[in-house]
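Asks: Structure: structure_32.pdb, PDB, C-alpha atoms.
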ATOM      1  CA  MET N   1    -133.496  68.646 -67.894
ATOM      2  CA  ASN N   2    -132.959  71.691 -65.610
ATOM      3  CA  ALA N   3    -132.249  70.785 -61.992
ATOM      4  CA  ILE N   4    -133.388  67.174 -61.971
ATOM      5  CA  LYS N   5    -130.431  64.818 -61.845
ATOM      6  CA  PRO N   6    -131.047  61.453 -63.501
ATOM      7  CA  SER N   7    -130.977  58.486 -61.138
ATOM      8  CA  LEU N   8    -128.071  56.049 -61.070
ATOM      9  CA  ALA N   9    -130.181  53.319 -62.677
ATOM     10  CA  SER N  10    -131.206  55.514 -65.592
ATOM     11  CA  ARG N  11    -127.644  56.766 -66.029
ATOM     12  CA  LEU N  12    -126.366  53.197 -66.168
ATOM     13  CA  SER N  13    -129.106  52.011 -68.496
ATOM     14  CA  THR N  14    -128.202  54.671 -71.060
ATOM     15  CA  LYS N  15    -124.869  52.920 -71.485
ATOM     16  CA  SER N  16    -126.376  49.714 -72.779
ATOM     17  CA  PRO N  17    -128.830  50.040 -75.646
ATOM     18  CA  TRP N  18    -130.346  46.796 -76.825
ATOM     19  CA  LEU N  19    -130.324  45.982 -80.499
ATOM     20  CA  TYR N  20    -133.150  44.446 -82.440
ATOM     21  CA  ARG N  21    -132.882  43.132 -85.950
ATOM     22  CA  ILE N  22    -135.614  43.274 -88.608
ATOM     23  CA  ASN N  23    -135.144  41.480 -91.909
ATOM     24  CA  ALA N  24    -137.225  43.382 -94.452
ATOM     25  CA  GLY N  25    -136.666  40.936 -97.290
ATOM     26  CA  SER N  26    -132.890  40.927 -97.157
ATOM     27  CA  CYS N  27    -130.772  38.468 -99.149
ATOM     28  CA  ASN N  28    -129.231  37.466 -95.782
ATOM     29  CA  GLY N  29    -125.856  39.003 -96.614
ATOM     30  CA  CYS N  30    -126.287  41.914 -94.216
ATOM     31  CA  ASP N  31    -127.828  39.587 -91.617
ATOM     32  CA  VAL N  32    -124.736  37.414 -91.722
ATOM     33  CA  GLU N  33    -122.585  40.506 -91.235
ATOM     34  CA  LEU N  34    -124.779  41.573 -88.303
ATOM     35  CA  ALA N  35    -124.408  38.131 -86.744
ATOM     36  CA  THR N  36    -120.651  38.308 -87.383
ATOM     37  CA  THR N  37    -120.477  41.688 -85.661
ATOM     38  CA  ALA N  38    -122.141  40.273 -82.569
ATOM     39  CA  ILE N  39    -120.846  36.735 -82.299
ATOM     40  CA  ILE N  40    -117.281  36.685 -83.575
ATOM     41  CA  PRO N  41    -114.837  37.826 -80.838
ATOM     42  CA  ARG N  42    -112.758  39.717 -83.382
ATOM     43  CA  TYR N  43    -115.492  42.362 -83.814
ATOM     44  CA  ASP N  44    -117.666  41.987 -80.696
ATOM     45  CA  VAL N  45    -120.265  44.755 -80.748
ATOM     46  CA  GLU N  46    -121.026  44.027 -77.093
ATOM     47  CA  ARG N  47    -117.983  46.101 -76.124
ATOM     48  CA  LEU N  48    -120.166  49.135 -76.855
ATOM     49  CA  GLY N  49    -122.694  47.904 -74.309
ATOM     50  CA  CYS N  50    -125.050  46.574 -76.969
ATOM     51  CA  GLN N  51    -126.830  43.276 -76.914
ATOM     52  CA  TYR N  52    -129.198  41.672 -79.362
ATOM     53  CA  CYS N  53    -132.610  41.006 -77.869
ATOM     54  CA  GLY N  54    -135.367  38.718 -79.054
ATOM     55  CA  SER N  55    -138.381  40.906 -78.463
ATOM     56  CA  PRO N  56    -139.157  44.240 -80.125
ATOM     57  CA  LYS N  57    -140.561  45.462 -76.796
ATOM     58  CA  HIS N  58    -137.085  45.426 -75.258
ATOM     59  CA  ALA N  59    -135.301  47.152 -78.113
ATOM     60  CA  ASP N  60    -133.629  50.564 -78.138
ATOM     61  CA  ILE N  61    -131.838  50.490 -81.462
ATOM     62  CA  VAL N  62    -133.447  48.717 -84.392
ATOM     63  CA  LEU N  63    -131.313  47.501 -87.292
ATOM     64  CA  ILE N  64    -133.236  46.963 -90.517
ATOM     65  CA  THR N  65    -131.816  45.044 -93.473
ATOM     66  CA  GLY N  66    -133.381  44.387 -96.850
ATOM     67  CA  PRO N  67    -135.185  46.479 -99.447
ATOM     68  CA  LEU N  68    -138.660  46.231 -97.829
ATOM     69  CA  THR N  69    -140.413  43.873-100.190
ATOM     70  CA  ALA N  70    -144.101  44.413-100.890
ATOM     71  CA  ARG N  71    -144.951  41.159 -99.119
ATOM     72  CA  VAL N  72    -143.118  41.927 -95.902
ATOM     73  CA  LYS N  73    -143.972  45.637 -95.690
ATOM     74  CA  ASP N  74    -147.000  45.440 -93.370
ATOM     75  CA  LYS N  75    -145.245  43.019 -91.054
ATOM     76  CA  VAL N  76    -142.195  45.256 -90.774
ATOM     77  CA  LEU N  77    -144.333  48.317 -90.055
ATOM     78  CA  ARG N  78    -146.324  46.409 -87.413
ATOM     79  CA  LEU N  79    -143.121  45.172 -85.781
ATOM     80  CA  PHE N  80    -141.629  48.660 -85.887
ATOM     81  CA  ASP N  81    -144.677  50.104 -84.088
ATOM     82  CA  GLU N  82    -144.161  47.618 -81.261
ATOM     83  CA  ILE N  83    -140.752  49.033 -80.409
ATOM     84  CA  PRO N  84    -141.122  51.593 -77.590
ATOM     85  CA  GLU N  85    -139.914  55.181 -77.935
ATOM     86  CA  PRO N  86    -137.242  56.504 -77.829
ATOM     87  CA  LYS N  87    -135.900  54.279 -80.560
ATOM     88  CA  VAL N  88    -133.148  54.774 -83.079
ATOM     89  CA  THR N  89    -133.507  53.222 -86.514
ATOM     90  CA  VAL N  90    -130.462  52.091 -88.459
ATOM     91  CA  ALA N  91    -130.661  51.050 -92.105
ATOM     92  CA  VAL N  92    -127.999  48.407 -92.768
ATOM     93  CA  GLY N  93    -126.864  47.902 -96.360
ATOM     94  CA  VAL N  94    -127.778  49.792 -99.514
ATOM     95  CA  CYS N  95    -131.120  47.978 -99.913
ATOM     96  CA  PRO N  96    -133.097  49.740 -97.154
ATOM     97  CA  ILE N  97    -131.421  53.051 -97.994
ATOM     98  CA  SER N  98    -132.003  53.209-101.736
ATOM     99  CA  GLY N  99    -133.230  49.806-102.883
ATOM    100  CA  GLY N 100    -129.794  48.749-104.086
ATOM    101  CA  VAL N 101    -129.888  46.422-107.062
ATOM    102  CA  PHE N 102    -133.620  45.880-106.485
ATOM    103  CA  ARG N 103    -134.447  49.562-106.948
ATOM    104  CA  GLU N 104    -137.668  50.221-108.895
ATOM    105  CA  SER N 105    -138.596  46.551-108.899
ATOM    106  CA  TYR N 106    -142.298  45.696-108.826
ATOM    107  CA  ALA N 107    -141.702  43.551-105.740
ATOM    108  CA  ILE N 108    -140.173  46.362-103.683
ATOM    109  CA  ALA N 109    -142.169  48.818-101.562
ATOM    110  CA  GLY N 110    -139.083  50.681-100.352
ATOM    111  CA  PRO N 111    -136.927  52.694 -99.916
ATOM    112  CA  LEU N 112    -137.554  52.297 -96.235
ATOM    113  CA  ASP N 113    -137.563  55.991 -95.302
ATOM    114  CA  LYS N 114    -140.861  56.410 -97.155
ATOM    115  CA  TYR N 115    -142.520  54.606 -94.216
ATOM    116  CA  ILE N 116    -140.131  54.659 -91.267
ATOM    117  CA  PRO N 117    -138.039  57.563 -89.906
ATOM    118  CA  ILE N 118    -134.414  56.459 -90.295
ATOM    119  CA  ASP N 119    -131.638  57.937 -88.172
ATOM    120  CA  VAL N 120    -128.420  56.316 -89.344
ATOM    121  CA  ASN N 121    -127.524  54.744 -92.693
ATOM    122  CA  ILE N 122    -124.770  52.170 -93.171
ATOM    123  CA  PRO N 123    -124.287  51.690 -96.927
ATOM    124  CA  GLY N 124    -122.474  48.649 -98.275
ATOM    125  CA  CYS N 125    -123.360  45.412 -99.990
ATOM    126  CA  PRO N 126    -122.913  44.132 -97.341
ATOM    127  CA  PRO N 127    -121.165  46.651 -95.076
ATOM    128  CA  ARG N 128    -118.133  45.134 -93.376
ATOM    129  CA  PRO N 129    -118.449  44.434 -89.627
ATOM    130  CA  GLN N 130    -116.275  47.425 -88.733
ATOM    131  CA  ALA N 131    -118.574  49.691 -90.759
ATOM    132  CA  ILE N 132    -121.568  48.281 -88.883
ATOM    133  CA  ILE N 133    -119.820  48.934 -85.556
ATOM    134  CA  GLU N 134    -119.106  52.486 -86.711
ATOM    135  CA  GLY N 135    -122.772  52.983 -87.615
ATOM    136  CA  ILE N 136    -123.973  51.512 -84.321
ATOM    137  CA  ALA N 137    -121.614  53.887 -82.473
ATOM    138  CA  LYS N 138    -123.302  56.770 -84.327
ATOM    139  CA  ALA N 139    -126.720  55.338 -83.462
ATOM    140  CA  ILE N 140    -125.761  55.168 -79.775
ATOM    141  CA  ALA N 141    -124.785  58.852 -79.900
ATOM    142  CA  VAL N 142    -128.197  59.676 -81.431
ATOM    143  CA  TRP N 143    -129.949  57.525 -78.848
ATOM    144  CA  GLN N 144    -128.172  59.190 -75.926
ATOM    145  CA  SER N 145    -129.178  62.614 -77.227
ATOM    146  CA  ARG N 146    -132.808  61.477 -77.218
ATOM    147  CA  ILE N 147    -133.228  60.098 -73.720
TER     148      ILE N 147
ATOM    149  CA  MET X 148    -106.930  20.101 -68.395
ATOM    150  CA  SER X 149    -103.684  19.673 -70.319
ATOM    151  CA  PHE X 150    -105.271  20.764 -73.591
ATOM    152  CA  PHE X 151    -106.289  24.038 -71.996
ATOM    153  CA  LEU X 152    -102.859  25.183 -70.818
ATOM    154  CA  PRO X 153    -101.372  25.915 -74.274
ATOM    155  CA  VAL X 154    -104.488  27.918 -75.129
ATOM    156  CA  LEU X 155    -104.179  29.872 -71.906
ATOM    157  CA  LEU X 156    -100.486  30.573 -72.477
ATOM    158  CA  ARG X 157    -101.085  31.637 -76.053
ATOM    159  CA  ASN X 158    -103.855  34.011 -74.998
ATOM    160  CA  LEU X 159    -101.682  35.473 -72.255
ATOM    161  CA  PHE X 160     -98.921  36.375 -74.670
ATOM    162  CA  GLN X 161    -100.938  37.240 -77.779
ATOM    163  CA  GLY X 162    -103.467  39.455 -76.051
ATOM    164  CA  PRO X 163    -107.109  39.729 -77.049
ATOM    165  CA  SER X 164    -108.079  38.856 -80.596
ATOM    166  CA  THR X 165    -110.793  41.523 -80.628
ATOM    167  CA  GLU X 166    -110.061  44.480 -82.893
ATOM    168  CA  ALA X 167    -109.899  47.762 -80.984
ATOM    169  CA  PHE X 168    -112.109  49.553 -83.541
ATOM    170  CA  PRO X 169    -113.880  52.073 -83.025
ATOM    171  CA  PHE X 170    -111.362  53.097 -80.373
ATOM    172  CA  ALA X 171    -108.409  52.573 -82.726
ATOM    173  CA  GLU X 172    -107.804  52.115 -86.448
ATOM    174  CA  ALA X 173    -109.250  48.958 -87.975
ATOM    175  CA  TYR X 174    -107.329  46.630 -90.251
ATOM    176  CA  THR X 175    -108.213  47.200 -93.903
ATOM    177  CA  PRO X 176    -107.070  44.668 -96.524
ATOM    178  CA  ALA X 177    -105.129  46.151 -99.430
ATOM    179  CA  ALA X 178    -107.595  44.747-101.981
ATOM    180  CA  MET X 179    -110.639  46.072-100.119
ATOM    181  CA  ARG X 180    -113.412  47.136-102.494
ATOM    182  CA  ALA X 181    -115.161  50.186-101.077
ATOM    183  CA  ARG X 182    -115.964  53.787-102.046
ATOM    184  CA  VAL X 183    -115.539  54.480-105.761
ATOM    185  CA  SER X 184    -113.618  57.627-106.651
ATOM    186  CA  PHE X 185    -113.919  59.547-109.904
ATOM    187  CA  ASN X 186    -111.307  61.627-111.694
ATOM    188  CA  PRO X 187    -113.022  63.998-114.167
ATOM    189  CA  ASP X 188    -109.736  64.751-115.935
ATOM    190  CA  SER X 189    -109.473  61.238-117.375
ATOM    191  CA  CYS X 190    -113.148  60.662-118.225
ATOM    192  CA  ALA X 191    -113.939  60.118-121.909
ATOM    193  CA  LEU X 192    -117.737  60.403-121.403
ATOM    194  CA  CYS X 193    -118.295  56.985-122.984
ATOM    195  CA  ARG X 194    -121.053  56.197-120.404
ATOM    196  CA  VAL X 195    -120.041  52.554-120.118
ATOM    197  CA  CYS X 196    -120.010  52.916-116.302
ATOM    198  CA  ALA X 197    -123.639  54.073-116.202
ATOM    199  CA  ARG X 198    -124.578  51.229-118.543
ATOM    200  CA  MET X 199    -122.787  48.539-116.536
ATOM    201  CA  CYS X 200    -123.839  49.676-113.040
ATOM    202  CA  PRO X 201    -126.268  46.994-111.762
ATOM    203  CA  ALA X 202    -127.711  49.287-109.090
ATOM    204  CA  GLY X 203    -128.133  52.335-111.321
ATOM    205  CA  ALA X 204    -125.917  54.323-108.990
ATOM    206  CA  ILE X 205    -124.159  56.190-111.808
ATOM    207  CA  GLN X 206    -125.894  58.833-113.893
ATOM    208  CA  LEU X 207    -124.559  61.192-116.520
ATOM    209  CA  GLU X 208    -126.701  64.290-116.853
ATOM    210  CA  LYS X 209    -126.595  66.959-119.529
ATOM    211  CA  ARG X 210    -125.179  70.339-118.588
ATOM    212  CA  PRO X 211    -124.690  73.323-120.937
ATOM    213  CA  ASP X 212    -120.928  72.810-121.207
ATOM    214  CA  GLY X 213    -120.613  69.071-120.733
ATOM    215  CA  LEU X 214    -121.963  66.087-118.834
ATOM    216  CA  GLU X 215    -122.201  65.785-115.073
ATOM    217  CA  PHE X 216    -121.060  62.486-113.587
ATOM    218  CA  ILE X 217    -123.140  61.596-110.522
ATOM    219  CA  LEU X 218    -122.443  58.535-108.380
ATOM    220  CA  TRP X 219    -124.628  57.957-105.322
ATOM    221  CA  HIS X 220    -122.683  55.982-102.715
ATOM    222  CA  ASN X 221    -125.937  54.889-101.089
ATOM    223  CA  ALA X 222    -126.816  52.809-104.152
ATOM    224  CA  CYS X 223    -123.327  51.545-105.048
ATOM    225  CA  VAL X 224    -122.836  47.848-104.272
ATOM    226  CA  PHE X 225    -119.012  47.903-104.659
ATOM    227  CA  CYS X 226    -119.193  45.341-107.492
ATOM    228  CA  GLY X 227    -116.382  47.093-109.356
ATOM    229  CA  LEU X 228    -117.916  46.679-112.833
ATOM    230  CA  CYS X 229    -117.589  50.403-113.581
ATOM    231  CA  VAL X 230    -113.926  50.314-112.577
ATOM    232  CA  HIS X 231    -113.342  47.169-114.642
ATOM    233  CA  TYR X 232    -114.931  48.588-117.783
ATOM    234  CA  CYS X 233    -113.524  52.124-117.477
ATOM    235  CA  ASP X 234    -110.877  52.080-120.217
ATOM    236  CA  SER X 235    -109.786  55.639-119.538
ATOM    237  CA  GLU X 236    -109.036  54.879-115.869
ATOM    238  CA  ALA X 237    -111.275  57.635-114.520
ATOM    239  CA  LEU X 238    -112.895  55.353-111.939
ATOM    240  CA  HIS X 239    -110.991  53.747-109.110
ATOM    241  CA  GLN X 240    -112.089  51.761-106.127
ATOM    242  CA  THR X 241    -110.571  53.014-102.889
ATOM    243  CA  ASP X 242    -110.356  51.123 -99.598
ATOM    244  CA  ASP X 243    -112.311  53.830 -97.748
ATOM    245  CA  TRP X 244    -115.215  51.990 -96.119
ATOM    246  CA  HIS X 245    -116.165  54.728 -93.615
ATOM    247  CA  LEU X 246    -119.492  55.385 -95.298
ATOM    248  CA  SER X 247    -121.969  55.264 -92.400
ATOM    249  CA  HIS X 248    -123.760  58.578 -91.964
ATOM    250  CA  LEU X 249    -126.749  60.245 -90.366
ATOM    251  CA  GLN X 250    -130.001  60.449 -92.288
ATOM    252  CA  ALA X 251    -129.538  64.205 -92.860
ATOM    253  CA  GLU X 252    -126.490  63.453 -95.004
ATOM    254  CA  LYS X 253    -128.198  60.750 -97.050
ATOM    255  CA  TYR X 254    -128.406  62.679-100.314
ATOM    256  CA  ALA X 255    -125.018  64.325 -99.809
ATOM    257  CA  MET X 256    -123.233  60.977-100.202
ATOM    258  CA  VAL X 257    -122.583  61.738-103.834
ATOM    259  CA  GLU X 258    -119.523  61.811-106.048
ATOM    260  CA  LYS X 259    -120.154  64.638-108.519
ATOM    261  CA  ALA X 260    -118.120  66.306-111.227
ATOM    262  CA  VAL X 261    -118.817  68.059-114.511
ATOM    263  CA  VAL X 262    -116.789  66.726-117.432
ATOM    264  CA  LYS X 263    -116.594  69.536-119.972
ATOM    265  CA  PHE X 264    -116.733  69.208-123.723
ATOM    266  CA  GLN X 265    -113.659  70.499-125.516
ATOM    267  CA  LYS X 266    -112.894  72.337-128.730
ATOM    268  CA  CYS X 267    -110.997  70.614-131.534
ATOM    269  CA  SER X 268    -107.619  72.261-132.042
ATOM    270  CA  THR X 269    -107.882  71.885-135.835
ATOM    271  CA  CYS X 270    -111.496  72.470-136.859
ATOM    272  CA  GLY X 271    -112.780  74.185-133.698
ATOM    273  CA  LYS X 272    -115.855  71.994-133.334
ATOM    274  CA  GLN X 273    -117.068  70.811-129.957
ATOM    275  CA  LYS X 274    -115.796  67.334-129.091
ATOM    276  CA  MET X 275    -115.731  64.761-126.311
ATOM    277  CA  PRO X 276    -112.573  64.810-124.202
ATOM    278  CA  ALA X 277    -109.866  62.277-125.114
ATOM    279  CA  PRO X 278    -108.118  61.499-121.842
ATOM    280  CA  LEU X 279    -104.436  60.628-121.720
ATOM    281  CA  PRO X 280    -104.695  57.045-120.347
ATOM    282  CA  LEU X 281    -107.120  56.099-123.135
ATOM    283  CA  MET X 282    -105.034  57.723-125.867
ATOM    284  CA  ALA X 283    -101.870  56.051-124.573
ATOM    285  CA  LYS X 284    -103.694  52.725-124.983
ATOM    286  CA  LEU X 285    -104.929  53.626-128.475
ATOM    287  CA  TYR X 286    -101.530  54.814-129.717
ATOM    288  CA  PRO X 287     -98.952  52.639-127.969
ATOM    289  CA  GLY X 288     -95.354  53.647-128.525
ATOM    290  CA  LEU X 289     -96.199  57.113-129.809
ATOM    291  CA  ALA X 290     -94.213  60.059-128.418
ATOM    292  CA  ALA X 291     -95.845  61.980-125.582
ATOM    293  CA  ASP X 292     -96.049  65.297-127.436
ATOM    294  CA  GLU X 293     -97.559  63.570-130.482
ATOM    295  CA  ILE X 294    -100.241  61.993-128.255
ATOM    296  CA  GLU X 295    -100.947  65.416-126.731
ATOM    297  CA  ARG X 296    -101.428  66.847-130.245
ATOM    298  CA  LEU X 297    -103.818  64.053-131.260
ATOM    299  CA  ARG X 298    -105.706  64.398-127.985
ATOM    300  CA  ALA X 299    -106.605  67.994-128.722
ATOM    301  CA  MET X 300    -108.298  66.998-132.007
ATOM    302  CA  CYS X 301    -111.796  65.755-132.688
ATOM    303  CA  PRO X 302    -112.117  62.144-133.960
ATOM    304  CA  GLN X 303    -112.558  63.234-137.595
ATOM    305  CA  CYS X 304    -109.481  65.457-137.599
ATOM    306  CA  ARG X 305    -107.538  62.773-135.741
ATOM    307  CA  LYS X 306    -108.504  60.219-138.330
ATOM    308  CA  ALA X 307    -107.467  62.530-141.174
ATOM    309  CA  GLU X 308    -104.200  63.123-139.344
ATOM    310  CA  SER X 309    -103.288  59.552-138.492
ATOM    311  CA  ALA X 310    -104.712  57.808-141.560
ATOM    312  CA  PRO X 311    -104.773  60.338-144.396
ATOM    313  CA  VAL X 312    -106.538  59.554-147.653
ATOM    314  CA  GLN X 313    -104.094  58.569-150.380
ATOM    315  CA  GLY X 314    -102.848  61.530-152.356
ATOM    316  CA  GLU X 315    -103.654  64.055-149.615
ATOM    317  CA  THR X 316    -100.937  65.493-147.387
ATOM    318  CA  PRO X 317    -101.793  65.678-143.704
TER     319      PRO X 317
END
Step by step, read the file and then write its structure as structure tokens.
Replies:
Amino acid sequence: MNAIKPSLASRLSTKSPWLYRINAGSCNGCDVELATTAIIPRYDVERLGCQYCGSPKHADIVLITGPLTARVKDKVLRLFDEIPEPKVTVAVGVCPISGGVFRESYAIAGPLDKYIPIDVNIPGCPPRPQAIIEGIAKAIAVWQSRI
Amino acid sequence: MSFFLPVLLRNLFQGPSTEAFPFAEAYTPAAMRARVSFNPDSCALCRVCARMCPAGAIQLEKRPDGLEFILWHNACVFCGLCVHYCDSEALHQTDDWHLSHLQAEKYAMVEKAVVKFQKCSTCGKQKMPAPLPLMAKLYPGLAADEIERLRAMCPQCRKAESAPVQGETP
């Protein structure tokens, strides 16, 4: 990064990371909170320049919910590999972080950081929308330090 | 068109309904269930919290001079069972929900404290602590200094003191 100044387009694009959601066997509680954070005007995560996208190939920040069940593990890892670098991984809820109430269950392959490098954790069962916004703000800071 | 005007007027005067967080403080309800806090001074080491915790977030580990209370916030599901069953009021649920952290801090999100064993004031044997809130519940209406005296005793000495065998003087 010595003398080369980034172009206007790349400077603008760093202000708007796109979010992608992976459900790794979640109970849907955290997914509802993620939807709430994006859709309900009271919280509105799009103020931070974020937007949910439908394809992993467009994603910058990936939000993973759920304890990574044994059945869904390979699919999650395959999906995660499709997301281009640099990516920032956020674990939403206690399940991906530690396993939560499903810890040490025979059906659980997690915790998630055994397989995927995690950058930001947002504990909670589920975390409230403000906590998710706080975590996404931290993830954006990590992401901007990487590009 | 007419149905829209009141909405427009209301929005003009009320301002946006979006919360300013993270650029300003967020509204937190008074009954918010979030980070659990632990006060080692009122813990009786009964282990009911570790037994009730559905996520196994609470552990009590042996140390030479007592037991260490360990609560990992990354496993806690804020159910409040530990707080509900804690008769000695050592556990409280705060409204602090600012728990998001970087991965490097993952294993530092721990509430930790060593609760020390005590010595009985009468027989000198090692005993579990008898915290004040629990003793006040066990001996309602008793004077404060009397409760303090009973607290310093082990259960056997306390029993001999408060319910002496007939014919013996306490």
Asks: Go through chain X and flag each residue having an atom no more than 12 Å from chain N; for those, report the closest pair of atoms plus their distance in Å to one decimal, using only C-alpha atoms, ordered by chain and rising number, as CSV.
Replies:
residue,atom,partner,partner_atom,distance
X:Gly162,CA,N:Arg42,CA,11.8
X:Pro163,CA,N:Arg42,CA,8.5
X:Ser164,CA,N:Arg42,CA,5.5
X:Thr165,CA,N:Arg42,CA,3.8
X:Glu166,CA,N:Arg42,CA,5.5
X:Ala167,CA,N:Tyr43,CA,8.3
X:Phe168,CA,N:Gln130,CA,7.0
X:Pro169,CA,N:Glu134,CA,6.4
X:Phe170,CA,N:Glu134,CA,10.0
X:Ala171,CA,N:Gln130,CA,11.2
X:Glu172,CA,N:Gln130,CA,9.9
X:Ala173,CA,N:Gln130,CA,7.2
X:Tyr174,CA,N:Gln130,CA,9.1
X:Thr175,CA,N:Gln130,CA,9.6
X:Pro176,CA,N:Arg128,CA,11.5
X:Met179,CA,N:Arg128,CA,10.1
X:Arg180,CA,N:Gly124,CA,10.1
X:Ala181,CA,N:Gly124,CA,8.0
X:Arg182,CA,N:Gly124,CA,9.1
X:Val183,CA,N:Gly124,CA,11.8
X:Cys200,CA,N:Val101,CA,9.1
X:Pro201,CA,N:Val101,CA,6.0
X:Ala202,CA,N:Val101,CA,4.1
X:Gly203,CA,N:Val101,CA,7.5
X:Ala204,CA,N:Gly100,CA,8.4
X:Trp219,CA,N:Ser98,CA,9.5
X:His220,CA,N:Pro123,CA,7.4
X:Asn221,CA,N:Pro123,CA,5.5
X:Ala222,CA,N:Gly100,CA,5.0
X:Cys223,CA,N:Gly100,CA,7.1
X:Val224,CA,N:Cys125,CA,5.0
X:Phe225,CA,N:Cys125,CA,6.8
X:Cys226,CA,N:Cys125,CA,8.6
X:Gly227,CA,N:Cys125,CA,11.8
X:Asp242,CA,N:Arg128,CA,11.6
X:Asp243,CA,N:Ala131,CA,10.3
X:Trp244,CA,N:Ala131,CA,6.7
X:His245,CA,N:Ala131,CA,6.3
X:Leu246,CA,N:Pro123,CA,6.3
X:Ser247,CA,N:Ile122,CA,4.2
X:His248,CA,N:Asn121,CA,5.4
X:Leu249,CA,N:Val120,CA,4.4
X:Gln250,CA,N:Asp119,CA,5.1
X:Ala251,CA,N:Asp119,CA,8.1
X:Glu252,CA,N:Asn121,CA,9.1
X:Lys253,CA,N:Asn121,CA,7.5
X:Tyr254,CA,N:Ser98,CA,10.2
X:Met256,CA,N:Pro123,CA,9.9
Asks: Within 10 Å of N:Val72, counting all atoms listed in the file, which residues qualify if same-chain residues fewer than 4 places away don't, as a list in words?
Replies: Asn23, Ala24, Gly25, Pro67, Leu68, Val76, Leu77, Ile108 and Ala109 of chain N
Asks: Kindly indicate which residue among N:Lys75, N:Arg146, N:His58, N:Lys5 lies nearest to N:Tyr20, using only C-alpha atoms for the distances.
Replies: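 Smallest separation from N:Tyr20 among the options: N:His58.
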Asks: For the structure provided, state which residues fall under the PyMOL selection byres ((chain N and resi 51) around 8), and present them as a PyMOL selection string.
Replies: chain N and resi 16-19+38+45-46+49-50+52-53
Asks: Residues at most 9 Å from X:Thr269, counting only C-alpha atoms, excluding those fewer than 3 positions away in the same chain, as a list in words?
Replies: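 Once the adjacent positions are removed, what remains is Lys266, Lys272, Ala299, Met300, Cys301 and Cys304 of chain X.
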Asks: For this structure, which residues satisfy the selection - the PyMOL selection byres ((chain X and resi 192-196) around 7) - when it is evaluated on the file as given? I want them as an MDAnalysis selection string.
Replies: chainID X and resid 190:191 197:200 205 229 232:233 275
Asks: Could you check which of X:Val230, X:Ala260, X:Leu238, X:Leu156 is closest to X:Leu214, using all atoms listed in the file?
Replies: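 Once distances to X:Leu214 are computed over all atoms listed in the file, the minimum belongs to X:Ala260.
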Asks: Enclose all atoms of stretch 102-119 of chain N listed in the file in an axis-aligned box, grow every side by 8 Å, and hand back centre and edge lengths in Å to one decimal, as AutoDock Vina command-line options.
Replies:
--center_x -137.1 --center_y 50.7 --center_z -98.5 --size_x 26.9 --size_y 30.4 --size_z 36.7
Asks: Between X:Ala177, X:Asn186, X:Val154, X:Ser268, which has the minimum distance to X:Gln303 (counting only C-alpha atoms)?
Replies: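 The closest residue to X:Gln303 is X:Ser268.
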Asks: Work out how far atom CA of X:Cys267 is from atom CA of X:Ser235, in Å to one decimal.
Replies: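 Result for atom CA of X:Ser235 versus atom CA of X:Cys267: 19.2 Å, one decimal.
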Asks: Please measure the separation of atom CA of N:Ser7 and atom CA of N:Glu85, giving the value in Å to one decimal.
Replies: 19.3 Å
Asks: Using atom CA of X:Ile217 and atom CA of N:Ala107 as the two end points, give the distance in Å to one decimal.
Replies: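 Atom-to-atom, atom CA of X:Ile217 to atom CA of N:Ala107, that is 26.3 Å.
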Asks: Identify all residues satisfying the PyMOL selection byres ((chain X and resi 212) around 10) in the given file; provide them as a VMD selection string.
Replies: chain X and resid 209 to 211 213 to 215 261 to 265 273
Asks: Which one is closest to X:Ala283: X:Thr241, X:Ala310, X:Asp234, X:Ser184? Count all atoms listed in the file.
Replies: X:Asp234
Asks: Could you give me, as a PyMOL selection string, the residues within 7 Å of N:Ile83, counting only C-alpha atoms and dropping anything in the same chain fewer than 5 positions from it?
Replies: chain N and resi 56-57+59
